[in-house]
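So this block is upload-v9.pdb, PDB, C-alpha atoms and all ligand atoms:
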ATOM      1  CA  MET O 190     -55.676-143.177 221.119  1.00  0.00           C
ATOM      2  CA  ALA O 191     -56.557-144.004 224.737  1.00  0.00           C
ATOM      3  CA  ALA O 192     -53.092-142.815 225.735  1.00  0.00           C
ATOM      4  CA  ARG O 193     -53.615-139.527 223.892  1.00  0.00           C
ATOM      5  CA  ALA O 194     -56.920-138.992 225.669  1.00  0.00           C
ATOM      6  CA  ALA O 195     -55.366-139.760 229.043  1.00  0.00           C
ATOM      7  CA  ARG O 196     -52.548-137.275 228.391  1.00  0.00           C
ATOM      8  CA  ALA O 197     -54.895-134.309 227.821  1.00  0.00           C
ATOM      9  CA  ALA O 198     -54.230-131.932 230.715  1.00  0.00           C
ATOM     10  CA  ASP O 199     -57.317-129.786 230.264  1.00  0.00           C
ATOM     11  CA  LEU O 200     -60.387-129.413 228.071  1.00  0.00           C
ATOM     12  CA  ALA O 201     -58.586-127.318 225.472  1.00  0.00           C
ATOM     13  CA  GLY O 202     -55.970-130.034 225.095  1.00  0.00           C
ATOM     14  CA  LEU O 203     -58.623-132.724 224.916  1.00  0.00           C
ATOM     15  CA  ASP O 204     -60.666-130.812 222.327  1.00  0.00           C
ATOM     16  CA  GLY O 205     -57.588-130.389 220.153  1.00  0.00           C
ATOM     17  CA  ALA O 206     -56.556-134.020 220.469  1.00  0.00           C
ATOM     18  CA  VAL O 207     -59.970-135.510 219.751  1.00  0.00           C
ATOM     19  CA  SER O 208     -60.352-133.335 216.654  1.00  0.00           C
ATOM     20  CA  ASP O 209     -57.394-135.185 215.201  1.00  0.00           C
ATOM     21  CA  CYS O 210     -58.611-138.748 215.843  1.00  0.00           C
ATOM     22  CA  PHE O 211     -58.764-141.329 213.040  1.00  0.00           C
ATOM     23  CA  ALA O 212     -59.342-144.482 215.092  1.00  0.00           C
ATOM     24  CA  CYS O 213     -62.595-145.707 213.439  1.00  0.00           C
ATOM     25  CA  PRO O 214     -62.135-146.434 209.712  1.00  0.00           C
ATOM     26  CA  ARG O 215     -65.870-146.570 208.895  1.00  0.00           C
ATOM     27  CA  LEU O 216     -66.605-143.265 210.629  1.00  0.00           C
ATOM     28  CA  VAL O 217     -63.564-141.500 209.198  1.00  0.00           C
ATOM     29  CA  THR O 218     -64.683-142.489 205.698  1.00  0.00           C
ATOM     30  CA  TRP O 219     -68.253-141.384 206.370  1.00  0.00           C
ATOM     31  CA  ARG O 220     -67.482-138.031 207.989  1.00  0.00           C
ATOM     32  CA  GLU O 221     -65.129-137.129 205.128  1.00  0.00           C
ATOM     33  CA  GLU O 222     -67.541-138.355 202.451  1.00  0.00           C
ATOM     34  CA  VAL O 223     -70.377-136.265 203.897  1.00  0.00           C
ATOM     35  CA  ALA O 224     -68.057-133.256 204.043  1.00  0.00           C
ATOM     36  CA  ARG O 225     -67.101-133.724 200.406  1.00  0.00           C
ATOM     37  CA  VAL O 226     -70.541-134.407 198.926  1.00  0.00           C
ATOM     38  CA  LYS O 227     -72.436-131.947 201.214  1.00  0.00           C
ATOM     39  CA  ARG O 228     -76.152-131.270 201.354  1.00  0.00           C
ATOM     40  CA  ALA O 229     -77.392-129.010 198.561  1.00  0.00           C
ATOM     41  CA  ALA O 230     -78.460-126.270 200.992  1.00  0.00           C
ATOM     42  CA  PHE O 231     -74.892-126.058 202.347  1.00  0.00           C
ATOM     43  CA  ARG O 232     -72.910-126.608 199.165  1.00  0.00           C
ATOM     44  CA  ASP O 233     -71.126-123.238 199.495  1.00  0.00           C
ATOM     45  CA  GLN O 234     -69.879-124.043 202.991  1.00  0.00           C
ATOM     46  CA  ASP O 235     -66.697-125.767 204.107  1.00  0.00           C
ATOM     47  CA  TYR O 236     -67.690-128.747 206.240  1.00  0.00           C
ATOM     48  CA  TRP O 237     -65.706-129.557 209.380  1.00  0.00           C
ATOM     49  CA  GLY O 238     -65.668-133.281 208.537  1.00  0.00           C
ATOM     50  CA  ARG O 239     -63.768-134.321 211.687  1.00  0.00           C
ATOM     51  CA  PRO O 240     -64.545-135.467 215.234  1.00  0.00           C
ATOM     52  CA  VAL O 241     -66.641-132.940 217.134  1.00  0.00           C
ATOM     53  CA  PRO O 242     -65.352-131.937 220.592  1.00  0.00           C
ATOM     54  CA  GLY O 243     -67.468-131.062 223.626  1.00  0.00           C
ATOM     55  CA  LEU O 244     -68.748-127.599 224.438  1.00  0.00           C
ATOM     56  CA  GLY O 245     -68.972-125.749 227.732  1.00  0.00           C
ATOM     57  CA  PRO O 246     -66.890-124.593 230.700  1.00  0.00           C
ATOM     58  CA  GLN O 247     -64.389-126.600 232.746  1.00  0.00           C
ATOM     59  CA  ASP O 248     -66.357-125.978 235.959  1.00  0.00           C
ATOM     60  CA  ALA O 249     -69.616-127.457 234.612  1.00  0.00           C
ATOM     61  CA  ARG O 250     -71.914-128.977 237.222  1.00  0.00           C
ATOM     62  CA  ILE O 251     -74.282-130.412 234.613  1.00  0.00           C
ATOM     63  CA  ALA O 252     -73.239-132.580 231.661  1.00  0.00           C
ATOM     64  CA  ILE O 253     -75.437-133.412 228.699  1.00  0.00           C
ATOM     65  CA  LEU O 254     -74.430-136.660 227.033  1.00  0.00           C
ATOM     66  CA  GLY O 255     -75.617-137.178 223.466  1.00  0.00           C
ATOM     67  CA  LEU O 256     -75.224-139.981 220.974  1.00  0.00           C
ATOM     68  CA  ALA O 257     -73.026-138.647 218.148  1.00  0.00           C
ATOM     69  CA  PRO O 258     -72.763-135.557 215.917  1.00  0.00           C
ATOM     70  CA  ALA O 259     -75.210-135.099 213.047  1.00  0.00           C
ATOM     71  CA  ALA O 260     -73.860-135.429 209.504  1.00  0.00           C
ATOM     72  CA  HIS O 261     -74.948-131.929 208.443  1.00  0.00           C
ATOM     73  CA  GLY O 262     -75.010-130.392 211.946  1.00  0.00           C
ATOM     74  CA  GLY O 263     -71.899-130.866 214.062  1.00  0.00           C
ATOM     75  CA  ASN O 264     -70.022-132.547 211.230  1.00  0.00           C
ATOM     76  CA  ARG O 265     -70.643-129.414 209.138  1.00  0.00           C
ATOM     77  CA  THR O 266     -70.162-126.642 211.714  1.00  0.00           C
ATOM     78  CA  GLY O 267     -67.572-128.285 213.981  1.00  0.00           C
ATOM     79  CA  ARG O 268     -69.653-127.654 217.102  1.00  0.00           C
ATOM     80  CA  ILE O 269     -71.883-130.150 218.793  1.00  0.00           C
ATOM     81  CA  PHE O 270     -75.667-129.798 218.231  1.00  0.00           C
ATOM     82  CA  THR O 271     -74.966-126.772 216.032  1.00  0.00           C
ATOM     83  CA  GLY O 272     -76.701-126.078 212.741  1.00  0.00           C
ATOM     84  CA  ASP O 273     -79.472-128.659 212.933  1.00  0.00           C
ATOM     85  CA  ARG O 274     -83.009-129.076 214.285  1.00  0.00           C
ATOM     86  CA  SER O 275     -81.912-131.068 217.300  1.00  0.00           C
ATOM     87  CA  GLY O 276     -79.698-128.201 218.378  1.00  0.00           C
ATOM     88  CA  ASP O 277     -82.525-125.703 217.844  1.00  0.00           C
ATOM     89  CA  VAL O 278     -84.641-127.598 220.358  1.00  0.00           C
ATOM     90  CA  LEU O 279     -81.837-128.262 222.832  1.00  0.00           C
ATOM     91  CA  PHE O 280     -80.393-124.758 222.985  1.00  0.00           C
ATOM     92  CA  ALA O 281     -83.820-123.128 223.171  1.00  0.00           C
ATOM     93  CA  ALA O 282     -84.441-125.253 226.268  1.00  0.00           C
ATOM     94  CA  LEU O 283     -81.017-124.479 227.750  1.00  0.00           C
ATOM     95  CA  HIS O 284     -81.659-120.781 227.208  1.00  0.00           C
ATOM     96  CA  ARG O 285     -85.041-120.995 228.952  1.00  0.00           C
ATOM     97  CA  ALA O 286     -83.247-122.751 231.823  1.00  0.00           C
ATOM     98  CA  GLY O 287     -80.629-119.988 232.036  1.00  0.00           C
ATOM     99  CA  LEU O 288     -77.848-122.357 231.018  1.00  0.00           C
ATOM    100  CA  ALA O 289     -77.146-120.795 227.589  1.00  0.00           C
ATOM    101  CA  ASN O 290     -76.733-117.105 226.736  1.00  0.00           C
ATOM    102  CA  GLN O 291     -78.797-117.391 223.539  1.00  0.00           C
ATOM    103  CA  PRO O 292     -81.550-119.695 222.264  1.00  0.00           C
ATOM    104  CA  THR O 293     -79.919-120.620 218.955  1.00  0.00           C
ATOM    105  CA  SER O 294     -76.758-122.386 217.827  1.00  0.00           C
ATOM    106  CA  VAL O 295     -76.096-121.895 214.144  1.00  0.00           C
ATOM    107  CA  SER O 296     -72.324-121.730 213.719  1.00  0.00           C
ATOM    108  CA  ALA O 297     -69.122-122.086 215.726  1.00  0.00           C
ATOM    109  CA  ASP O 298     -68.658-118.292 215.845  1.00  0.00           C
ATOM    110  CA  ASP O 299     -72.201-117.211 216.735  1.00  0.00           C
ATOM    111  CA  GLY O 300     -71.319-116.119 220.293  1.00  0.00           C
ATOM    112  CA  LEU O 301     -73.014-118.992 222.112  1.00  0.00           C
ATOM    113  CA  THR O 302     -71.739-119.674 225.625  1.00  0.00           C
ATOM    114  CA  LEU O 303     -72.944-122.106 228.264  1.00  0.00           C
ATOM    115  CA  ARG O 304     -73.173-121.651 232.019  1.00  0.00           C
ATOM    116  CA  ASP O 305     -72.529-124.553 234.402  1.00  0.00           C
ATOM    117  CA  THR O 306     -73.069-126.998 231.532  1.00  0.00           C
ATOM    118  CA  ARG O 307     -70.849-129.119 229.300  1.00  0.00           C
ATOM    119  CA  ILE O 308     -72.248-130.990 226.291  1.00  0.00           C
ATOM    120  CA  PHE O 309     -70.518-133.955 224.681  1.00  0.00           C
ATOM    121  CA  ALA O 310     -71.326-137.155 222.837  1.00  0.00           C
ATOM    122  CA  ALA O 311     -70.615-140.821 223.451  1.00  0.00           C
ATOM    123  CA  VAL O 312     -69.227-141.079 219.904  1.00  0.00           C
ATOM    124  CA  ARG O 313     -67.425-138.043 218.487  1.00  0.00           C
ATOM    125  CA  CYS O 314     -67.832-138.661 214.742  1.00  0.00           C
ATOM    126  CA  ALA O 315     -71.022-138.568 212.701  1.00  0.00           C
ATOM    127  CA  PRO O 316     -72.133-142.154 211.982  1.00  0.00           C
ATOM    128  CA  PRO O 317     -74.160-143.394 208.982  1.00  0.00           C
ATOM    129  CA  ASP O 318     -77.890-143.398 209.868  1.00  0.00           C
ATOM    130  CA  ASN O 319     -76.984-141.939 213.293  1.00  0.00           C
ATOM    131  CA  LYS O 320     -76.080-145.470 214.343  1.00  0.00           C
ATOM    132  CA  PRO O 321     -72.575-146.100 215.677  1.00  0.00           C
ATOM    133  CA  THR O 322     -71.624-149.720 216.263  1.00  0.00           C
ATOM    134  CA  PRO O 323     -70.829-151.075 219.734  1.00  0.00           C
ATOM    135  CA  ASP O 324     -67.173-151.335 218.665  1.00  0.00           C
ATOM    136  CA  GLU O 325     -67.119-147.666 217.649  1.00  0.00           C
ATOM    137  CA  ARG O 326     -68.725-146.692 220.956  1.00  0.00           C
ATOM    138  CA  ASP O 327     -66.083-148.626 222.851  1.00  0.00           C
ATOM    139  CA  THR O 328     -63.236-147.245 220.733  1.00  0.00           C
ATOM    140  CA  CYS O 329     -64.402-143.685 221.380  1.00  0.00           C
ATOM    141  CA  ALA O 330     -65.031-144.190 225.106  1.00  0.00           C
ATOM    142  CA  PRO O 331     -61.575-143.009 226.292  1.00  0.00           C
ATOM    143  CA  TRP O 332     -62.364-139.505 225.007  1.00  0.00           C
ATOM    144  CA  LEU O 333     -65.588-139.463 227.030  1.00  0.00           C
ATOM    145  CA  HIS O 334     -63.889-140.871 230.089  1.00  0.00           C
ATOM    146  CA  ARG O 335     -61.112-138.285 230.008  1.00  0.00           C
ATOM    147  CA  GLU O 336     -63.614-135.477 229.495  1.00  0.00           C
ATOM    148  CA  VAL O 337     -65.656-136.556 232.507  1.00  0.00           C
ATOM    149  CA  GLY O 338     -62.433-136.925 234.489  1.00  0.00           C
ATOM    150  CA  LEU O 339     -61.469-133.344 233.699  1.00  0.00           C
ATOM    151  CA  ILE O 340     -64.784-131.898 234.914  1.00  0.00           C
ATOM    152  CA  ARG O 341     -65.171-134.385 237.753  1.00  0.00           C
ATOM    153  CA  PRO O 342     -64.398-131.859 240.530  1.00  0.00           C
ATOM    154  CA  THR O 343     -67.606-129.919 239.816  1.00  0.00           C
ATOM    155  CA  LEU O 344     -69.795-132.394 237.930  1.00  0.00           C
ATOM    156  CA  ARG O 345     -72.977-133.310 239.825  1.00  0.00           C
ATOM    157  CA  VAL O 346     -75.560-134.373 237.221  1.00  0.00           C
ATOM    158  CA  VAL O 347     -75.487-136.047 233.818  1.00  0.00           C
ATOM    159  CA  VAL O 348     -78.465-135.817 231.477  1.00  0.00           C
ATOM    160  CA  ALA O 349     -78.375-138.762 229.074  1.00  0.00           C
ATOM    161  CA  LEU O 350     -80.154-138.009 225.801  1.00  0.00           C
ATOM    162  CA  GLY O 351     -81.541-141.378 224.760  1.00  0.00           C
ATOM    163  CA  ALA O 352     -80.823-145.012 225.563  1.00  0.00           C
ATOM    164  CA  PHE O 353     -77.449-145.122 223.761  1.00  0.00           C
ATOM    165  CA  ALA O 354     -76.044-142.306 225.904  1.00  0.00           C
ATOM    166  CA  TRP O 355     -77.619-143.835 229.018  1.00  0.00           C
ATOM    167  CA  ALA O 356     -75.806-147.119 228.312  1.00  0.00           C
ATOM    168  CA  ALA O 357     -72.537-145.298 227.571  1.00  0.00           C
ATOM    169  CA  TRP O 358     -72.552-143.808 231.071  1.00  0.00           C
ATOM    170  CA  TRP O 359     -72.075-147.022 233.089  1.00  0.00           C
ATOM    171  CA  PRO O 360     -68.446-147.713 232.050  1.00  0.00           C
ATOM    172  CA  VAL O 361     -67.638-144.145 233.166  1.00  0.00           C
ATOM    173  CA  LEU O 362     -68.390-145.146 236.742  1.00  0.00           C
ATOM    174  CA  ARG O 363     -65.643-147.734 236.690  1.00  0.00           C
ATOM    175  CA  GLN O 364     -63.123-145.893 234.524  1.00  0.00           C
ATOM    176  CA  VAL O 365     -63.428-142.430 236.086  1.00  0.00           C
ATOM    177  CA  TYR O 366     -64.851-143.004 239.575  1.00  0.00           C
ATOM    178  CA  GLY O 367     -63.486-146.476 240.312  1.00  0.00           C
ATOM    179  CA  GLN O 368     -66.954-147.753 241.157  1.00  0.00           C
ATOM    180  CA  ARG O 369     -68.776-150.843 240.031  1.00  0.00           C
ATOM    181  CA  PRO O 370     -71.840-150.021 237.921  1.00  0.00           C
ATOM    182  CA  PRO O 371     -75.171-151.156 239.397  1.00  0.00           C
ATOM    183  CA  THR O 372     -76.496-154.590 238.397  1.00  0.00           C
ATOM    184  CA  PRO O 373     -78.880-154.991 236.843  1.00  0.00           C
ATOM    185  CA  ARG O 374     -78.393-151.711 234.997  1.00  0.00           C
ATOM    186  CA  PRO O 375     -81.221-149.242 235.604  1.00  0.00           C
ATOM    187  CA  VAL O 376     -83.493-149.063 232.566  1.00  0.00           C
ATOM    188  CA  PHE O 377     -83.519-145.937 230.406  1.00  0.00           C
ATOM    189  CA  GLY O 378     -86.685-143.900 230.211  1.00  0.00           C
ATOM    190  CA  HIS O 379     -87.636-140.270 229.964  1.00  0.00           C
ATOM    191  CA  GLY O 380     -87.464-138.949 233.531  1.00  0.00           C
ATOM    192  CA  ALA O 381     -85.511-141.967 234.797  1.00  0.00           C
ATOM    193  CA  HIS O 382     -83.206-141.030 237.671  1.00  0.00           C
ATOM    194  CA  TRP O 383     -80.341-142.974 239.161  1.00  0.00           C
ATOM    195  CA  SER O 384     -78.019-141.840 241.917  1.00  0.00           C
ATOM    196  CA  GLY O 385     -75.093-143.506 243.596  1.00  0.00           C
ATOM    197  CA  GLU O 386     -72.573-142.694 246.303  1.00  0.00           C
ATOM    198  CA  SER O 387     -70.066-139.922 245.422  1.00  0.00           C
ATOM    199  CA  VAL O 388     -70.852-140.016 241.694  1.00  0.00           C
ATOM    200  CA  PRO O 389     -72.987-137.694 239.546  1.00  0.00           C
ATOM    201  CA  ALA O 390     -76.718-138.367 239.396  1.00  0.00           C
ATOM    202  CA  LEU O 391     -77.969-139.665 236.047  1.00  0.00           C
ATOM    203  CA  LEU O 392     -81.166-138.364 234.453  1.00  0.00           C
ATOM    204  CA  GLY O 393     -82.768-139.888 231.375  1.00  0.00           C
ATOM    205  CA  CYS O 394     -84.266-137.671 228.679  1.00  0.00           C
ATOM    206  CA  TYR O 395     -85.608-138.612 225.268  1.00  0.00           C
ATOM    207  CA  HIS O 396     -83.151-137.580 222.569  1.00  0.00           C
ATOM    208  CA  VAL O 397     -83.835-134.180 220.970  1.00  0.00           C
ATOM    209  CA  SER O 398     -84.008-135.798 217.532  1.00  0.00           C
ATOM    210  CA  GLN O 399     -86.545-134.604 214.983  1.00  0.00           C
ATOM    211  CA  GLN O 400     -88.174-138.011 215.229  1.00  0.00           C
ATOM    212  CA  ASN O 401     -89.029-137.259 218.861  1.00  0.00           C
ATOM    213  CA  THR O 402     -89.680-133.517 218.732  1.00  0.00           C
ATOM    214  CA  PHE O 403     -91.744-133.439 215.506  1.00  0.00           C
ATOM    215  CA  THR O 404     -94.009-136.213 216.748  1.00  0.00           C
ATOM    216  CA  GLY O 405     -94.544-134.639 220.175  1.00  0.00           C
ATOM    217  CA  ARG O 406     -92.908-137.551 221.972  1.00  0.00           C
ATOM    218  CA  LEU O 407     -90.560-134.941 223.454  1.00  0.00           C
ATOM    219  CA  THR O 408     -92.077-131.497 224.077  1.00  0.00           C
ATOM    220  CA  PRO O 409     -90.438-128.239 225.235  1.00  0.00           C
ATOM    221  CA  ALA O 410     -92.257-128.622 228.568  1.00  0.00           C
ATOM    222  CA  MET O 411     -90.747-132.082 229.063  1.00  0.00           C
ATOM    223  CA  LEU O 412     -87.266-130.683 228.403  1.00  0.00           C
ATOM    224  CA  ASP O 413     -87.920-127.824 230.804  1.00  0.00           C
ATOM    225  CA  ASP O 414     -88.836-130.341 233.517  1.00  0.00           C
ATOM    226  CA  VAL O 415     -85.602-132.286 232.950  1.00  0.00           C
ATOM    227  CA  PHE O 416     -83.379-129.206 233.128  1.00  0.00           C
ATOM    228  CA  THR O 417     -85.205-127.857 236.181  1.00  0.00           C
ATOM    229  CA  ARG O 418     -84.538-131.169 237.881  1.00  0.00           C
ATOM    230  CA  ALA O 419     -80.917-131.218 236.727  1.00  0.00           C
ATOM    231  CA  LYS O 420     -80.356-127.716 238.103  1.00  0.00           C
ATOM    232  CA  ASP O 421     -81.942-128.665 241.440  1.00  0.00           C
ATOM    233  CA  LEU O 422     -79.757-131.764 241.759  1.00  0.00           C
ATOM    234  CA  ALA O 423     -76.633-129.844 240.734  1.00  0.00           C
ATOM    235  CA  GLY O 424     -77.319-126.864 242.992  1.00  0.00           C
ATOM    236  CA  VAL O 425     -77.413-124.453 240.044  1.00  0.00           C
ATOM    237  CA  ASP O 426     -79.543-121.309 240.525  1.00  0.00           C
TER     238      ASP O 426
HETATM  239  S1  LIG O 501     -65.641-141.931 216.752  1.00  0.00           S
HETATM  240 FE1  LIG O 501     -64.218-141.342 218.365  1.00  0.00          FE
HETATM  241  S2  LIG O 501     -62.595-142.889 218.359  1.00  0.00           S
HETATM  242 FE2  LIG O 501     -63.718-143.071 216.413  1.00  0.00          FE
HETATM  243  S3  LIG O 501     -62.544-141.769 214.962  1.00  0.00           S
HETATM  244 FE3  LIG O 501     -64.173-140.507 215.844  1.00  0.00          FE
HETATM  245  S4  LIG O 501     -63.236-139.497 217.618  1.00  0.00           S
HETATM  246 FE4  LIG O 501     -61.910-141.210 217.049  1.00  0.00          FE
END

Now that the file is in, can you turn its structure into structure tokens?
Ligand code: SF4
Amino acid sequence: MAARAARAADLAGLDGAVSDCFACPRLVTWREEVARVKRAAFRDQDYWGRPVPGLGPQDARIAILGLAPAAHGGNRTGRIFTGDRSGDVLFAALHRAGLANQPTSVSADDGLTLRDTRIFAAVRCAPPDNKPTPDERDTCAPWLHREVGLIRPTLRVVVALGAFAWAAWWPVLRQVYGQRPPTPRPVFGHGAHWSGESVPALLGCYHVSQQNTFTGRLTPAMLDDVFTRAKDLAGVD
């Protein structure tokens, strides 16, 4: 699997290859089971039920790193943060920031496009309870590393959504940029900011999960602040 990721010559090749990955038995079983059983509200739809590739242009200067696809969101629609409440919040914020052409993301063919921004997840398959294991994170890492490598020429800022994504970033420094991660590792927090020499800056942002947005732990204004900062750091107008 790592060899297949490394062989991907561009994002289209990577997206195609990752969609056909079966490396994690527990996640393969889960994603297919969810796609078969479905949620009642979506019972007439064909679920994607496979790994969910990243979204956004090759020349992205900002990356948004999430945890993993949602069982009835990305795992249903085949597009990351699409068809669930988390995506509603995220894409509304990206639209306000001028990084998305529309404020909603409901299906893979709804016309959504991103500007200067690529979104991907540390783990590409929906996990039970939204909790991938450390082994699954490590198994999936080559896909993330290759994706960052492909957008490396333009990438300036990474927004990590939550502590899991924040932790998944450090191995990228070694694998993609040939740099030793800082020790001790900077602690995740909303608004946390780390920068190093000749590598993208890292910004921490609470995850756009319902748990955070429904309780007011993460507000639209807080997201707007993060994306304003990301644009400033990346030199995006
Ligand atoms: S989580 Fe990643 S490595 Fe595991 S099966 Fe899905 S795409 Fe493959």

Wanna dump the chain O-ligand LIG 501 (chain O) contacts at 9 Å for me, each residue with its shortest atom pair and the distance in Å to one decimal, counting all atoms listed in the file, ordered by chain and number, as CSV?
residue,atom,partner,partner_atom,distance
O:Met190,CA,O:LIG501,S2,7.5
O:Ala191,CA,O:LIG501,S2,8.9
O:Val207,CA,O:LIG501,S4,5.6
O:Ser208,CA,O:LIG501,S4,6.9
O:Asp209,CA,O:LIG501,S4,7.7
O:Cys210,CA,O:LIG501,FE4,4.3
O:Phe211,CA,O:LIG501,S3,4.3
O:Ala212,CA,O:LIG501,S3,4.2
O:Cys213,CA,O:LIG501,FE2,4.1
O:Pro214,CA,O:LIG501,S3,7.0
O:Arg215,CA,O:LIG501,S3,8.4
O:Leu216,CA,O:LIG501,S3,6.1
O:Val217,CA,O:LIG501,S3,5.9
O:Arg220,CA,O:LIG501,FE3,8.9
O:Arg239,CA,O:LIG501,FE3,7.5
O:Pro240,CA,O:LIG501,S4,4.9
O:Val241,CA,O:LIG501,S4,7.4
O:Pro242,CA,O:LIG501,S4,8.4
O:Ala257,CA,O:LIG501,S1,8.2
O:Ala311,CA,O:LIG501,FE1,8.2
O:Val312,CA,O:LIG501,S1,4.8
O:Arg313,CA,O:LIG501,S4,4.5
O:Cys314,CA,O:LIG501,FE3,4.2
O:Ala315,CA,O:LIG501,S1,7.5
O:Pro316,CA,O:LIG501,S1,8.1
O:Pro321,CA,O:LIG501,S1,8.2
O:Glu325,CA,O:LIG501,FE2,5.8
O:Arg326,CA,O:LIG501,S1,7.1
O:Asp327,CA,O:LIG501,S2,8.1
O:Thr328,CA,O:LIG501,S2,5.0
O:Cys329,CA,O:LIG501,S2,3.6
O:Ala330,CA,O:LIG501,S2,7.3
O:Pro331,CA,O:LIG501,S2,8.0
O:Trp332,CA,O:LIG501,FE1,7.1
O:Leu333,CA,O:LIG501,FE1,9.0

For CA of Thr372 in chain O and CA of Trp359 in chain O, the interatomic separation in Å (one decimal): 10.2 Å

Option closest in space to Arg406 in chain O, from O:Asp298, O:Pro323, O:Cys394, O:Phe231 [counting only C-alpha atoms]: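 Residue with the minimum atom-to-atom distance to Arg406 in chain O: O:Cys394.
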
Hits from the PyMOL selection byres (((chain O and resi 378-385) around 10) and not hetatm), listed as a PDB file with C-alpha atoms, in the frame of the given file:
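Saved file part_25.pdb follows:
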ATOM      1  CA  VAL O 346     -75.560-134.373 237.221  1.00  0.00           C
ATOM      2  CA  VAL O 347     -75.487-136.047 233.818  1.00  0.00           C
ATOM      3  CA  VAL O 348     -78.465-135.817 231.477  1.00  0.00           C
ATOM      4  CA  ALA O 349     -78.375-138.762 229.074  1.00  0.00           C
ATOM      5  CA  LEU O 350     -80.154-138.009 225.801  1.00  0.00           C
ATOM      6  CA  GLY O 351     -81.541-141.378 224.760  1.00  0.00           C
ATOM      7  CA  ALA O 352     -80.823-145.012 225.563  1.00  0.00           C
ATOM      8  CA  TRP O 355     -77.619-143.835 229.018  1.00  0.00           C
ATOM      9  CA  LEU O 362     -68.390-145.146 236.742  1.00  0.00           C
ATOM     10  CA  GLN O 368     -66.954-147.753 241.157  1.00  0.00           C
ATOM     11  CA  PRO O 370     -71.840-150.021 237.921  1.00  0.00           C
ATOM     12  CA  PRO O 371     -75.171-151.156 239.397  1.00  0.00           C
ATOM     13  CA  ARG O 374     -78.393-151.711 234.997  1.00  0.00           C
ATOM     14  CA  PRO O 375     -81.221-149.242 235.604  1.00  0.00           C
ATOM     15  CA  VAL O 376     -83.493-149.063 232.566  1.00  0.00           C
ATOM     16  CA  PHE O 377     -83.519-145.937 230.406  1.00  0.00           C
ATOM     17  CA  GLU O 386     -72.573-142.694 246.303  1.00  0.00           C
ATOM     18  CA  SER O 387     -70.066-139.922 245.422  1.00  0.00           C
ATOM     19  CA  VAL O 388     -70.852-140.016 241.694  1.00  0.00           C
ATOM     20  CA  PRO O 389     -72.987-137.694 239.546  1.00  0.00           C
ATOM     21  CA  ALA O 390     -76.718-138.367 239.396  1.00  0.00           C
ATOM     22  CA  LEU O 391     -77.969-139.665 236.047  1.00  0.00           C
ATOM     23  CA  LEU O 392     -81.166-138.364 234.453  1.00  0.00           C
ATOM     24  CA  GLY O 393     -82.768-139.888 231.375  1.00  0.00           C
ATOM     25  CA  CYS O 394     -84.266-137.671 228.679  1.00  0.00           C
ATOM     26  CA  TYR O 395     -85.608-138.612 225.268  1.00  0.00           C
ATOM     27  CA  HIS O 396     -83.151-137.580 222.569  1.00  0.00           C
ATOM     28  CA  ARG O 406     -92.908-137.551 221.972  1.00  0.00           C
ATOM     29  CA  LEU O 407     -90.560-134.941 223.454  1.00  0.00           C
ATOM     30  CA  MET O 411     -90.747-132.082 229.063  1.00  0.00           C
ATOM     31  CA  LEU O 412     -87.266-130.683 228.403  1.00  0.00           C
ATOM     32  CA  ASP O 414     -88.836-130.341 233.517  1.00  0.00           C
ATOM     33  CA  VAL O 415     -85.602-132.286 232.950  1.00  0.00           C
ATOM     34  CA  ARG O 418     -84.538-131.169 237.881  1.00  0.00           C
TER      35      ARG O 418
END

Selected residue, from O:Ala249, O:Gln400, O:Thr408, O:Thr271, that lies nearest to Gly338 in chain O when counting all atoms listed in the file: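 Closest candidate: O:Ala249.
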
Please give the centre and size of the box around range 339-353 of chain O (axis-aligned, containing every atom listed in the file, 6 Å added per side), with values in Å to one decimal and written as AutoDock Vina command-line options.
--center_x -71.5 --center_y -137.5 --center_z 232.1 --size_x 32.1 --size_y 27.2 --size_z 28.8

Coordinates-based distance that separates CA of Val361 in chain O from CA of Asn290 in chain O (Å, one decimal): 29.2 Å

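Residues lying within 8 Å of Leu203 in chain O, counting only C-alpha atoms and ignoring same-chain neighbours fewer than 5 positions away, are Ala194, Ala197, Ala198, Trp332, Arg335 and Glu336 of chain O.
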
Expansion of the PyMOL selection byres (((chain O and resi 278-283) around 12) and not hetatm) into residues, as a ChimeraX atom specification: /O:251-255,269-277,284-295,301-308,348,350,394-399,401-403,407-417,419-420

Interatomic distance, CA of Asp235 in chain O to CA of Thr218 in chain O (Å, one decimal): 16.9 Å

Nearest residue to Asp204 in chain O from the set O:Gly267, O:Trp219, O:Arg232, O:Arg250 (distances using all atoms listed in the file): O:Gly267

Hits from the PyMOL selection byres (((chain O and resi 238) around 6) and not hetatm), listed as a PyMOL selection string: chain O and resi 220-221+224+236-237+239+264
